[in-house]
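Quick look at upload34.cif (mmCIF, C-alpha atoms):
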```
data_input
#
loop_
_atom_site.label_atom_id
_atom_site.label_comp_id
_atom_site.auth_asym_id
_atom_site.auth_seq_id
_atom_site.Cartn_x
_atom_site.Cartn_y
_atom_site.Cartn_z
CA ILE A 1 -7.54 13.94 -25.87
CA ARG A 2 -10.44 13.49 -28.27
CA ALA A 3 -12.49 15.65 -30.62
CA ILE A 4 -14.69 15.72 -33.70
CA TYR A 5 -12.10 16.30 -36.39
CA GLY A 6 -12.98 19.21 -38.66
CA GLU A 7 -15.33 20.74 -36.06
CA ASP A 8 -13.96 20.80 -32.50
CA LEU A 9 -10.43 20.36 -33.82
CA LYS A 10 -9.58 21.52 -37.34
CA LYS A 11 -6.62 20.68 -39.56
CA GLU A 12 -5.18 24.17 -39.05
CA ASP A 13 -5.16 23.51 -35.27
CA LEU A 14 -2.91 20.47 -35.57
CA PRO A 15 0.47 22.29 -35.76
CA ARG A 16 -0.42 24.07 -32.50
CA LEU A 17 -1.35 20.73 -30.97
CA GLY A 18 1.97 19.32 -32.17
CA ASN A 19 3.84 22.20 -30.54
CA ALA A 20 1.91 21.72 -27.28
CA LEU A 21 2.94 18.06 -27.25
CA ALA A 22 6.56 18.76 -28.23
CA LYS A 23 6.81 21.31 -25.41
CA PHE A 24 5.56 18.72 -22.93
CA TYR A 25 7.99 16.06 -24.19
CA GLU A 26 10.87 18.47 -24.97
CA ASN A 27 13.41 16.66 -22.77
CA ALA A 28 12.85 13.38 -24.59
CA LYS A 29 15.21 11.94 -27.17
CA ASN A 30 12.89 9.44 -28.90
CA ILE A 31 9.08 9.41 -28.91
CA VAL A 32 7.05 6.56 -30.36
CA ILE A 33 4.13 7.60 -32.54
CA GLY A 34 1.54 5.17 -33.86
CA ARG A 35 -1.88 5.65 -35.40
CA ASP A 36 -4.95 3.54 -36.00
CA MET A 37 -6.85 3.10 -39.27
CA ARG A 38 -8.83 6.37 -39.04
CA ILE A 39 -8.68 8.42 -42.22
CA SER A 40 -7.47 11.59 -40.46
CA GLY A 41 -4.58 9.80 -38.73
CA ALA A 42 -2.08 10.93 -41.38
CA ASP A 43 -2.98 14.61 -40.79
CA PHE A 44 -2.30 14.22 -37.08
CA PHE A 45 0.93 12.32 -37.65
CA ASP A 46 2.35 14.86 -40.11
CA ALA A 47 1.69 17.86 -37.86
CA ILE A 48 2.82 16.25 -34.62
CA SER A 49 5.98 14.69 -36.06
CA ALA A 50 6.97 18.01 -37.67
CA ALA A 51 6.77 19.74 -34.27
CA PHE A 52 8.90 17.04 -32.64
CA ILE A 53 11.52 17.16 -35.39
CA ASN A 54 11.84 20.94 -35.07
CA ALA A 55 12.34 20.48 -31.33
CA GLY A 56 15.22 18.04 -31.95
CA ILE A 57 13.23 14.95 -30.90
CA ASN A 58 13.31 11.76 -32.96
CA VAL A 59 9.97 10.24 -33.96
CA ILE A 60 9.87 6.44 -33.88
CA ASP A 61 7.17 5.82 -36.49
CA ILE A 62 5.65 2.39 -35.85
CA GLY A 63 2.94 2.89 -38.45
CA ILE A 64 -0.70 1.80 -38.31
CA VAL A 65 -1.02 -0.19 -35.08
CA ASP A 66 -3.28 -0.96 -32.14
CA THR A 67 -2.94 1.27 -29.08
CA PRO A 68 -1.23 -1.42 -26.93
CA SER A 69 1.59 -1.53 -29.53
CA VAL A 70 2.62 1.99 -28.50
CA SER A 71 2.82 1.04 -24.81
CA PHE A 72 4.68 -2.13 -25.76
CA ALA A 73 7.19 -0.25 -27.93
CA VAL A 74 7.90 2.34 -25.24
CA GLY A 75 8.47 -0.32 -22.57
CA TYR A 76 10.12 -3.05 -24.64
CA TYR A 77 12.63 -0.81 -26.44
CA ASN A 78 13.04 1.66 -23.56
CA TYR A 79 11.88 4.82 -25.35
CA CYS A 80 11.02 8.06 -23.57
CA GLY A 81 7.30 8.09 -24.27
CA GLY A 82 4.59 7.39 -26.78
CA ILE A 83 1.59 8.83 -28.60
CA GLN A 84 -1.18 6.82 -30.24
CA ILE A 85 -3.37 8.72 -32.69
CA THR A 86 -6.81 7.24 -32.09
CA ALA A 87 -10.32 7.97 -30.94
CA SER A 88 -10.67 4.41 -29.65
CA HIS A 89 -14.32 3.29 -29.85
CA ASN A 90 -15.73 6.65 -30.92
CA PRO A 91 -17.51 7.03 -34.28
CA ALA A 92 -15.57 7.75 -37.46
CA LYS A 93 -15.80 11.55 -37.27
CA TYR A 94 -13.67 11.59 -34.09
CA ASN A 95 -9.92 11.42 -33.65
CA GLY A 96 -7.53 12.10 -30.82
CA LEU A 97 -4.52 10.98 -28.82
CA LYS A 98 -3.56 8.55 -26.06
CA LEU A 99 -0.30 9.39 -24.31
CA CYS A 100 2.33 7.79 -22.10
CA THR A 101 5.81 8.54 -20.76
CA TYR A 102 8.82 6.31 -19.95
CA ASN A 103 8.04 2.69 -19.00
CA ALA A 104 4.65 3.26 -20.67
CA ARG A 105 3.40 5.19 -17.63
CA PRO A 106 0.00 6.75 -18.39
CA ILE A 107 -0.62 10.46 -18.70
CA ASN A 108 -3.91 11.64 -17.23
CA TYR A 109 -5.30 15.14 -16.89
CA ASP A 110 -3.65 15.83 -13.55
CA ASN A 111 -0.13 14.71 -14.47
CA GLY A 112 0.25 16.03 -17.98
CA ILE A 113 -2.82 16.62 -20.13
CA ASN A 114 -3.49 19.77 -18.10
CA LYS A 115 -0.06 21.07 -19.13
CA ILE A 116 -0.62 20.14 -22.77
CA GLU A 117 -3.98 21.91 -22.65
CA TYR A 118 -2.26 25.03 -21.27
CA ASN A 119 0.40 24.87 -23.97
CA PHE A 120 -2.26 24.50 -26.66
CA LYS A 121 -4.52 27.30 -25.44
CA ASN A 122 -1.62 29.70 -25.00
CA ASN A 123 0.23 28.64 -28.18
CA ILE A 124 3.37 27.78 -26.18
CA MET A 125 6.24 26.80 -28.45
CA PRO A 126 8.85 24.13 -27.72
CA ARG A 127 12.50 25.02 -28.02
CA GLN A 128 13.68 25.05 -31.64
CA SER A 129 16.75 22.86 -31.90
CA GLU A 130 19.64 23.52 -34.28
CA ILE A 131 20.03 19.75 -34.62
CA LYS A 132 16.72 18.53 -35.96
CA GLY A 133 15.15 15.25 -35.03
CA LYS A 134 14.31 12.65 -37.63
CA ILE A 135 11.64 10.10 -38.42
CA ILE A 136 12.82 6.54 -37.79
CA LYS A 137 10.47 3.90 -39.18
CA LYS A 138 10.29 0.75 -37.06
CA ASP A 139 8.27 -2.41 -37.70
CA ILE A 140 7.52 -3.93 -34.30
CA LYS A 141 4.84 -6.45 -35.34
CA ASN A 142 6.96 -9.63 -35.06
CA ASP A 143 8.42 -8.67 -31.68
CA TYR A 144 4.96 -7.73 -30.46
CA ILE A 145 3.28 -10.97 -31.57
CA ASN A 146 6.12 -13.13 -30.23
CA TRP A 147 5.89 -11.34 -26.89
CA LEU A 148 2.11 -11.85 -26.73
CA ARG A 149 2.51 -15.58 -27.37
CA SER A 150 5.18 -15.79 -24.67
CA GLN A 151 2.62 -14.68 -22.08
CA ILE A 152 0.54 -17.86 -22.34
CA THR A 153 1.35 -21.57 -22.04
CA ASP A 154 -0.79 -23.06 -24.81
CA ILE A 155 -4.16 -22.94 -26.52
CA LYS A 156 -5.85 -26.21 -27.44
CA LYS A 157 -8.34 -26.77 -30.25
CA LEU A 158 -11.14 -24.22 -30.29
CA LYS A 159 -13.58 -22.78 -32.79
CA ILE A 160 -13.82 -19.02 -32.33
CA VAL A 161 -15.51 -16.07 -33.99
CA VAL A 162 -13.73 -12.70 -33.81
CA ASP A 163 -15.37 -9.40 -34.77
CA ALA A 164 -12.64 -6.81 -35.31
CA GLY A 165 -15.21 -4.13 -36.19
CA ASN A 166 -12.95 -2.95 -39.07
CA GLY A 167 -10.55 -1.85 -36.33
CA MET A 168 -6.95 -2.63 -35.48
CA ALA A 169 -7.48 -6.17 -34.13
CA GLY A 170 -7.94 -7.23 -37.75
CA LYS A 171 -4.25 -6.56 -38.38
CA TYR A 172 -3.07 -9.07 -35.79
CA ILE A 173 -5.49 -11.90 -35.06
CA LYS A 174 -4.69 -14.25 -37.94
CA ASP A 175 -0.91 -13.94 -37.47
CA LEU A 176 -1.27 -14.22 -33.70
CA LEU A 177 -3.28 -17.46 -33.84
CA ASN A 178 -1.64 -19.26 -36.77
CA VAL A 179 0.61 -21.36 -34.50
CA TYR A 180 -2.37 -22.73 -32.54
CA ASN A 181 -4.97 -25.34 -33.45
CA ILE A 182 -7.70 -22.73 -33.88
CA ASP A 183 -10.65 -22.71 -36.25
CA LEU A 184 -10.96 -18.94 -36.74
CA ILE A 185 -14.08 -17.35 -38.22
CA PRO A 186 -13.30 -13.67 -38.90
CA LEU A 187 -15.79 -10.82 -39.05
CA TYR A 188 -14.87 -7.38 -40.43
CA PHE A 189 -11.10 -7.75 -40.40
CA GLU A 190 -10.57 -5.16 -43.16
CA LEU A 191 -9.10 -1.95 -41.72
CA ASP A 192 -11.61 0.80 -42.44
CA GLY A 193 -11.82 3.96 -40.35
CA SER A 194 -15.29 4.72 -41.68
CA PHE A 195 -16.60 1.65 -39.79
CA PRO A 196 -19.00 0.51 -42.55
CA ASN A 197 -20.53 -2.42 -40.61
CA HIS A 198 -21.06 -1.09 -37.10
CA GLU A 199 -19.39 1.15 -34.53
CA ALA A 200 -16.27 -0.42 -33.07
CA ASN A 201 -17.67 -0.19 -29.56
CA PRO A 202 -18.39 -3.64 -28.08
CA LEU A 203 -20.03 -2.20 -24.97
CA LYS A 204 -23.05 -1.28 -27.09
CA TYR A 205 -25.05 -4.46 -27.39
CA GLU A 206 -26.32 -3.59 -30.88
CA ASN A 207 -22.71 -3.86 -32.09
CA LEU A 208 -22.52 -7.49 -30.93
CA LYS A 209 -25.51 -8.80 -32.90
CA ASP A 210 -23.46 -10.04 -35.86
CA LEU A 211 -21.02 -11.77 -33.52
CA GLN A 212 -23.81 -13.45 -31.56
CA LYS A 213 -25.49 -14.65 -34.74
CA LYS A 214 -22.26 -16.06 -36.23
CA VAL A 215 -21.32 -17.89 -33.00
CA LYS A 216 -24.68 -19.65 -32.96
CA GLU A 217 -24.65 -20.36 -36.72
CA THR A 218 -21.21 -21.98 -36.61
CA ASN A 219 -21.48 -23.72 -33.20
CA ALA A 220 -18.37 -21.85 -32.07
CA ASP A 221 -16.93 -22.21 -28.57
CA ILE A 222 -16.63 -18.47 -27.99
CA GLY A 223 -16.94 -15.08 -29.68
CA ALA A 224 -14.83 -11.98 -29.13
CA ALA A 225 -15.34 -8.36 -30.22
CA PHE A 226 -12.70 -5.63 -30.10
CA ASP A 227 -13.00 -1.86 -30.07
CA GLY A 228 -11.41 0.34 -32.74
CA ASP A 229 -7.90 0.54 -31.32
CA ALA A 230 -7.99 -3.01 -29.86
CA ASP A 231 -7.20 -2.13 -26.27
CA ARG A 232 -10.62 -3.45 -25.21
CA VAL A 233 -12.30 -6.78 -25.82
CA CYS A 234 -15.71 -8.24 -24.95
CA PHE A 235 -16.92 -11.83 -25.17
CA VAL A 236 -20.01 -13.95 -25.84
CA ASP A 237 -20.39 -17.60 -24.87
CA GLU A 238 -21.17 -20.55 -27.15
CA ARG A 239 -24.88 -19.67 -27.01
CA GLY A 240 -24.18 -16.11 -28.15
CA GLU A 241 -24.95 -14.74 -24.69
CA ILE A 242 -22.99 -11.63 -23.70
CA ILE A 243 -20.59 -12.06 -20.77
CA GLN A 244 -20.16 -9.09 -18.46
CA CYS A 245 -16.60 -7.81 -18.48
CA ASP A 246 -16.19 -8.12 -14.71
CA LEU A 247 -16.80 -11.87 -15.00
CA ILE A 248 -14.01 -12.05 -17.59
CA THR A 249 -11.82 -10.33 -14.99
CA ILE A 250 -12.44 -13.35 -12.75
CA LEU A 251 -11.46 -15.88 -15.44
CA ILE A 252 -8.20 -14.10 -16.22
CA ALA A 253 -7.49 -13.64 -12.50
CA LYS A 254 -7.94 -17.37 -11.93
CA ILE A 255 -5.49 -18.46 -14.60
CA LEU A 256 -2.93 -15.93 -13.42
CA LEU A 257 -3.32 -16.96 -9.77
CA GLN A 258 -2.83 -20.63 -10.68
CA LYS A 259 0.64 -19.76 -11.98
CA ASN A 260 1.35 -16.88 -9.57
CA PRO A 261 -0.37 -17.50 -6.22
CA GLN A 262 -1.12 -14.86 -3.58
CA GLN A 263 -0.93 -11.89 -5.92
CA LYS A 264 -2.90 -8.64 -5.83
CA ILE A 265 -5.75 -8.34 -8.34
CA LEU A 266 -7.47 -5.00 -8.95
CA TYR A 267 -11.00 -4.43 -10.23
CA ASP A 268 -12.91 -1.20 -10.68
CA LEU A 269 -15.55 -0.21 -8.16
CA ARG A 270 -18.44 -0.75 -10.61
CA SER A 271 -17.66 -4.47 -10.78
CA SER A 272 -19.78 -7.18 -9.19
CA LYS A 273 -19.18 -8.21 -5.60
CA VAL A 274 -18.46 -11.68 -6.98
CA CYS A 275 -15.05 -10.36 -8.13
CA PHE A 276 -13.98 -9.85 -4.52
CA GLU A 277 -15.32 -13.26 -3.50
CA GLU A 278 -13.74 -15.26 -6.33
CA ILE A 279 -10.34 -13.56 -6.22
CA GLN A 280 -10.15 -14.20 -2.49
CA LYS A 281 -11.36 -17.78 -2.97
CA PHE A 282 -8.48 -18.49 -5.37
CA GLY A 283 -5.88 -17.08 -2.99
CA GLY A 284 -5.50 -13.61 -4.47
CA THR A 285 -5.77 -10.27 -2.72
CA PRO A 286 -8.72 -8.33 -4.20
CA ILE A 287 -8.24 -4.55 -4.32
CA ILE A 288 -10.87 -2.09 -5.49
CA SER A 289 -9.86 0.77 -7.80
CA ARG A 290 -11.35 3.94 -9.21
CA VAL A 291 -12.63 4.07 -12.78
CA GLY A 292 -10.42 5.20 -15.65
CA HIS A 293 -7.44 3.65 -17.40
CA ALA A 294 -4.87 6.24 -16.31
CA TYR A 295 -5.87 5.77 -12.67
CA ILE A 296 -6.08 1.99 -12.63
CA LYS A 297 -2.70 1.66 -14.39
CA GLN A 298 -1.12 3.90 -11.79
CA GLN A 299 -2.69 2.03 -8.88
CA LEU A 300 -1.72 -1.35 -10.34
CA ALA A 301 1.90 -0.18 -10.49
CA GLU A 302 1.81 1.28 -6.97
CA GLU A 303 0.35 -1.95 -5.56
CA ASN A 304 2.59 -4.11 -7.77
CA GLY A 305 -0.53 -6.07 -8.63
CA ILE A 306 -0.34 -8.76 -11.27
CA PHE A 307 -3.58 -7.88 -13.06
CA ALA A 308 -6.53 -5.47 -13.15
CA GLY A 309 -9.88 -5.52 -14.92
CA GLU A 310 -12.40 -2.81 -15.69
CA LEU A 311 -16.09 -3.15 -16.37
CA SER A 312 -15.47 -1.38 -19.68
CA GLY A 313 -13.44 -4.30 -21.08
CA HIS A 314 -9.96 -2.94 -20.35
CA TYR A 315 -7.61 -5.54 -18.86
CA TYR A 316 -4.21 -4.58 -17.44
CA PHE A 317 -1.16 -6.77 -16.85
CA ARG A 318 1.94 -6.22 -14.73
CA ASP A 319 4.04 -8.03 -17.33
CA ASN A 320 2.72 -5.55 -19.93
CA TYR A 321 4.19 -2.53 -18.13
CA TYR A 322 0.94 -2.32 -16.11
CA CYS A 323 -0.92 -1.41 -19.33
CA ASP A 324 -4.10 -2.72 -20.89
CA ASN A 325 -3.99 -5.03 -23.87
CA GLY A 326 -7.05 -6.45 -25.61
CA LEU A 327 -5.10 -9.08 -27.54
CA LEU A 328 -3.40 -10.38 -24.41
CA ALA A 329 -6.71 -10.58 -22.53
CA PHE A 330 -8.14 -12.43 -25.54
CA LEU A 331 -5.29 -14.99 -25.45
CA LYS A 332 -5.67 -15.48 -21.69
CA VAL A 333 -9.38 -16.23 -22.05
CA LEU A 334 -8.68 -18.70 -24.89
CA GLU A 335 -6.03 -20.36 -22.71
CA PHE A 336 -8.49 -20.62 -19.82
CA LEU A 337 -11.27 -22.04 -22.00
CA SER A 338 -9.05 -24.52 -23.85
CA ASN A 339 -7.99 -26.05 -20.53
CA ALA A 340 -11.47 -26.12 -19.01
CA ARG A 341 -13.69 -29.19 -19.05
CA GLN A 342 -16.87 -27.18 -19.33
CA LYS A 343 -18.50 -24.97 -21.90
CA LEU A 344 -18.07 -21.25 -21.35
CA SER A 345 -21.72 -20.76 -20.37
CA GLU A 346 -21.33 -23.44 -17.67
CA ILE A 347 -18.22 -21.73 -16.30
CA ILE A 348 -19.93 -18.34 -16.16
CA LYS A 349 -23.30 -19.46 -14.75
CA PRO A 350 -22.29 -19.76 -11.05
CA LEU A 351 -20.63 -16.33 -11.22
CA ARG A 352 -23.96 -14.66 -11.96
CA LYS A 353 -24.92 -14.53 -8.29
CA TYR A 354 -26.07 -10.92 -8.15
CA TYR A 355 -28.29 -8.56 -10.14
CA ALA A 356 -26.80 -5.37 -11.53
CA SER A 357 -28.52 -2.22 -12.78
CA GLY A 358 -25.88 -1.40 -15.36
CA GLU A 359 -24.59 2.16 -15.53
CA ILE A 360 -27.42 4.72 -15.60
CA ASN A 361 -26.74 8.40 -16.33
CA SER A 362 -28.73 11.32 -14.95
CA LYS A 363 -28.25 14.93 -16.08
CA VAL A 364 -28.14 17.22 -13.07
CA LYS A 365 -27.29 20.84 -12.31
CA ASN A 366 -25.03 20.31 -9.27
CA PRO A 367 -23.53 16.79 -9.15
CA ASP A 368 -21.42 17.34 -6.02
CA LYS A 369 -24.34 18.65 -3.98
CA ILE A 370 -26.60 15.78 -5.00
CA ILE A 371 -23.94 13.20 -4.08
CA ASN A 372 -23.73 14.81 -0.62
CA LEU A 373 -27.52 14.75 -0.25
CA ILE A 374 -27.68 11.07 -1.23
CA GLU A 375 -25.00 10.25 1.34
CA GLU A 376 -26.88 12.15 4.01
CA LYS A 377 -30.10 10.26 3.25
CA TYR A 378 -28.59 6.76 3.30
CA LYS A 379 -25.68 6.97 5.74
CA ASN A 380 -27.58 5.74 8.81
CA GLN A 381 -28.62 2.53 7.02
CA ALA A 382 -25.17 1.80 5.58
CA LEU A 383 -22.71 -0.90 6.55
CA LYS A 384 -19.85 0.87 4.78
CA ILE A 385 -19.29 4.20 3.02
CA PHE A 386 -16.23 5.23 1.01
CA ARG A 387 -15.32 7.88 -1.54
CA LEU A 388 -12.61 6.39 -3.72
CA ASP A 389 -14.43 7.55 -6.86
CA GLY A 390 -17.67 9.36 -6.16
CA LEU A 391 -19.81 7.84 -3.41
CA SER A 392 -19.96 4.10 -2.66
CA ILE A 393 -22.36 2.76 -0.03
CA GLU A 394 -22.78 -0.90 0.98
CA PHE A 395 -25.84 -2.36 2.69
CA SER A 396 -26.73 -5.87 3.80
CA ASP A 397 -28.48 -6.82 0.56
CA TYR A 398 -27.28 -4.27 -2.03
CA TRP A 399 -24.63 -1.66 -2.80
CA PHE A 400 -24.33 1.30 -5.13
CA ASN A 401 -21.80 3.75 -6.49
CA LEU A 402 -22.70 7.26 -7.62
CA ARG A 403 -19.99 9.22 -9.39
CA LYS A 404 -19.64 12.28 -11.60
CA SER A 405 -18.95 12.25 -15.31
CA ASN A 406 -15.57 13.81 -16.11
CA THR A 407 -16.93 15.60 -19.16
CA GLU A 408 -20.63 16.38 -18.62
CA PRO A 409 -22.97 17.52 -15.79
CA GLU A 410 -24.09 13.96 -15.17
CA LEU A 411 -24.18 11.43 -12.38
CA ARG A 412 -23.52 7.75 -13.12
CA LEU A 413 -25.30 5.17 -10.95
CA ASN A 414 -24.25 1.52 -10.64
CA LEU A 415 -26.21 -0.67 -8.23
CA GLU A 416 -26.10 -4.39 -7.46
CA ALA A 417 -28.31 -6.51 -5.19
CA ARG A 418 -28.72 -10.09 -4.01
CA ASN A 419 -32.08 -10.43 -5.77
CA PHE A 420 -33.73 -8.86 -8.79
CA GLU A 421 -36.59 -7.25 -6.86
CA THR A 422 -34.24 -5.38 -4.50
CA MET A 423 -32.13 -4.22 -7.43
CA GLN A 424 -35.19 -2.82 -9.22
CA LYS A 425 -36.64 -1.22 -6.12
CA MET A 426 -33.45 0.51 -4.93
CA ARG A 427 -32.36 1.49 -8.45
CA ASP A 428 -35.69 3.25 -8.98
CA GLN A 429 -35.61 4.78 -5.50
CA ILE A 430 -32.15 6.31 -5.89
CA LEU A 431 -32.90 7.57 -9.39
CA ASP A 432 -36.04 9.19 -7.99
CA ASP A 433 -33.96 10.75 -5.19
CA ILE A 434 -31.55 12.18 -7.77
CA ARG A 435 -34.43 13.67 -9.78
CA GLN A 436 -36.09 15.18 -6.69
CA PHE A 437 -32.87 16.68 -5.36
CA ASP A 438 -32.08 18.11 -8.79
CA LYS A 439 -35.61 19.51 -9.09
CA ASN A 440 -35.25 21.25 -5.73
CA GLU A 441 -31.87 22.59 -6.81
CA ASN A 442 -33.44 24.17 -9.91
CA LYS A 443 -36.26 25.94 -8.03
#
```

Represent the supplied structure as structure tokens.
Amino acid sequence: IRAIYGEDLKKEDLPRLGNALAKFYENAKNIVIGRDMRISGADFFDAISAAFINAGINVIDIGIVDTPSVSFAVGYYNYCGGIQITASHNPAKYNGLKLCTYNARPINYDNGINKIEYNFKNNIMPRQSEIKGKIIKKDIKNDYINWLRSQITDIKKLKIVVDAGNGMAGKYIKDLLNVYNIDLIPLYFELDGSFPNHEANPLKYENLKDLQKKVKETNADIGAAFDGDADRVCFVDERGEIIQCDLITILIAKILLQKNPQQKILYDLRSSKVCFEEIQKFGGTPIISRVGHAYIKQQLAEENGIFAGELSGHYYFRDNYYCDNGLLAFLKVLEFLSNARQKLSEIIKPLRKYYASGEINSKVKNPDKIINLIEEKYKNQALKIFRLDGLSIEFSDYWFNLRKSNTEPELRLNLEARNFETMQKMRDQILDDIRQFDKNENK
């Protein structure tokens, strides 16, 4: 749930939002509520907690935290559910909510947000309890950091640069690493919801420039950049070169499979084909998943997989209640690198076997119809077609996925090929097909 605060969602709307949430959670006894460093977080917290208290539900206030802290608190202390007040990587004018239920199970549109939306639009009130709930303040930081450290074996001497982007990672990194032999070079660790240095979105390459420069200046072994609520992390190697997130999935999968052989590893369908090859090579069972954190968490739990990675920099762990955690992924990569005998660029180089288009968006009038027309055009040439999330088609020398945006009339294309020329040619061909089909649709 996300909006421009003061425009799409105003302060006077927040009590109604609180009631919509309290109605959804009205059978709960204790609900964890955290918030990130955004300036409007206090407004959200006050309105939502008031609605819960009136409904007889206790609010476990864990303060200003990263989003994974909420999942951790719900699972670790066995609470009924959790709410993180955050707009993640969005610019400063946004705020919103990420939600979970017992055992930190995710809430997506189909299993809960639709009901909250209905409650909000229709001003549905929760029951008003004679026995009011209360706010219980709880500091979970020490338990959280100790648990994170327990998930790795050791980290040997490294020089690292971390760009927290003035987001929540800045609250934890120094305390998390102070027991290891780490030379830490921090960038933008001050919590500031106005994001004065750059957007806290590491998927935008312009937001990694300072990190890349500092890594090269200091001869660091690795650089890491977190998003605003620290559930995502991206990396650069010792040369300052950006590492695709699906290749980080492989590194984490390898270290987990060394300790836990023959486990299931999930990766989202936009990821490189090398993910399948490397996971299988190291004795794991590779399983493809649809895009979106609520969906991949659910599938990881259903498959009882040990780990999942998304191209967006979300990394999910069975031992973390099947939830994503940027700090844990960060530690796993440091553990991998500190035990490797190569530089990070040398480790990554052989994994860059294929050429990817990146995700390309096209505005269209009728996304479903165009997906069907694309399938019809290419089906006779295909080796494999499946519709896990949009349309995926595999050929002998390339593959692509075409899926709808959940929020806009757009199609998202991801294509990968064995050589650069094929990638360029087929990327341009399919984009041209999309434009022509959309043009015919608008006649």

Return as a ChimeraX atom specification the set of residues that the PyMOL selection byres ((chain A and resi 180-195) around 8) yields on the displayed structure. /A:37-39,91-92,154-171,174,177-179,196-200,211

Output as JSON lines one row per residue of region 246-265 of chain A within 9 Å of region 272-283 of chain A: the closest atom pair and its distance in Å to one decimal place, counting only C-alpha atoms, sorted by chain and residue number ascending.
```
{"residue": "A:Asp246", "atom": "CA", "partner": "A:Ser272", "partner_atom": "CA", "distance": 6.7}
{"residue": "A:Leu247", "atom": "CA", "partner": "A:Cys275", "partner_atom": "CA", "distance": 7.2}
{"residue": "A:Thr249", "atom": "CA", "partner": "A:Cys275", "partner_atom": "CA", "distance": 7.6}
{"residue": "A:Ile250", "atom": "CA", "partner": "A:Cys275", "partner_atom": "CA", "distance": 6.1}
{"residue": "A:Ala253", "atom": "CA", "partner": "A:Ile279", "partner_atom": "CA", "distance": 6.9}
{"residue": "A:Lys254", "atom": "CA", "partner": "A:Phe282", "partner_atom": "CA", "distance": 6.7}
{"residue": "A:Leu257", "atom": "CA", "partner": "A:Phe282", "partner_atom": "CA", "distance": 7.0}
{"residue": "A:Gln258", "atom": "CA", "partner": "A:Phe282", "partner_atom": "CA", "distance": 8.0}
{"residue": "A:Pro261", "atom": "CA", "partner": "A:Gly283", "partner_atom": "CA", "distance": 6.4}
{"residue": "A:Gln262", "atom": "CA", "partner": "A:Gly283", "partner_atom": "CA", "distance": 5.3}
{"residue": "A:Gln263", "atom": "CA", "partner": "A:Gly283", "partner_atom": "CA", "distance": 7.7}
{"residue": "A:Lys264", "atom": "CA", "partner": "A:Ile279", "partner_atom": "CA", "distance": 8.9}
{"residue": "A:Ile265", "atom": "CA", "partner": "A:Ile279", "partner_atom": "CA", "distance": 7.3}
```

Pro68 (chain A) proximity check over A:Phe420, A:Tyr295, A:Phe317, A:Tyr205, using only C-alpha atoms: winner is A:Phe317

Atomic distance CA of Asn114 (chain A) - CA of Leu99 (chain A), expressed in Å with one decimal: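 Between CA of Asn114 (chain A) and CA of Leu99 (chain A) the gap is 12.5 Å.
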
CA of Gly284 (chain A) to CA of Leu148 (chain A) measures 23.6 Å

Item checked: Long-range neighbours of Asn30 (chain A) as a list in words, 7 Å cut-off, only C-alpha atoms, 6 positions minimum in chain ->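 Those residues are Ile57, Asn58, Val59, Ile60, Tyr79 and Cys80 of chain A.
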
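Restricting the calculation to only C-alpha atoms, the smallest distance between Lys332 (chain A) and any of A:Leu383, A:Ile145, A:Ala294, A:Leu251 is found for A:Leu251.
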
CA of Ile107 (chain A) to CA of Gln299 (chain A) measures 13.1 Å

TODO: Give as a list in words the residues that the PyMOL selection byres ((chain A and resi 300) around 9) matches when applied to the coordinates above.
DONE: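 Evaluating the PyMOL selection byres ((chain A and resi 300) around 9) on these coordinates yields Lys264, Ile265, Leu266, Ser289, Tyr295, Ile296, Lys297, Gln298, Gln299, Ala301, Glu302, Glu303, Asn304, Gly305, Ile306, Phe307, Ala308, Tyr316, Phe317, Arg318 and Tyr322 of chain A.
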
Would you give me, as JSON lines, each residue of region 41-151 of chain A having an atom within 9 Å of an atom of region 214-235 of chain A, along with its shortest atom pair and that distance in Å to one decimal, using only C-alpha atoms and sorting by chain and residue number?
```
{"residue": "A:Val65", "atom": "CA", "partner": "A:Asp229", "partner_atom": "CA", "distance": 7.9}
{"residue": "A:Asp66", "atom": "CA", "partner": "A:Asp229", "partner_atom": "CA", "distance": 4.9}
{"residue": "A:Thr67", "atom": "CA", "partner": "A:Asp229", "partner_atom": "CA", "distance": 5.5}
{"residue": "A:Pro68", "atom": "CA", "partner": "A:Asp231", "partner_atom": "CA", "distance": 6.0}
{"residue": "A:Thr86", "atom": "CA", "partner": "A:Asp229", "partner_atom": "CA", "distance": 6.8}
{"residue": "A:Ala87", "atom": "CA", "partner": "A:Asp229", "partner_atom": "CA", "distance": 7.8}
{"residue": "A:Ser88", "atom": "CA", "partner": "A:Asp229", "partner_atom": "CA", "distance": 5.0}
{"residue": "A:His89", "atom": "CA", "partner": "A:Gly228", "partner_atom": "CA", "distance": 5.1}
{"residue": "A:Asn90", "atom": "CA", "partner": "A:Gly228", "partner_atom": "CA", "distance": 7.9}
```

| Pick the closest to Ala329 (chain A) from A:Gln151, A:Asn401, A:Asn207, A:Gln244: which is it, counting all atoms listed in the file? |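 Of all the options, A:Gln151 lies closest to Ala329 (chain A).
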
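Of the listed residues A:Glu346, A:Glu410, A:Asp175, A:Asp397, the one whose atoms come nearest to Asp438 (chain A) is A:Glu410, with distances taken using all atoms listed in the file.
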
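Take the candidates A:Thr153, A:Ser362, A:Asn201, A:Asn419 and check each one against Asp432 (chain A) using only C-alpha atoms; the shortest distance goes to A:Ser362.
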
Which neighbours of Ala55 (chain A) fall inside 12 Å, counting all atoms listed in the file, when residues of the same chain fewer than 6 positions from it are skipped, and could you give them as a PyMOL selection string?
chain A and resi 18-31+48-49+125-134

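Across A:Thr422, A:Gln212, A:Asn325, A:Ser396, the tightest approach to Phe72 (chain A) is made by A:Asn325 when counting all atoms listed in the file.
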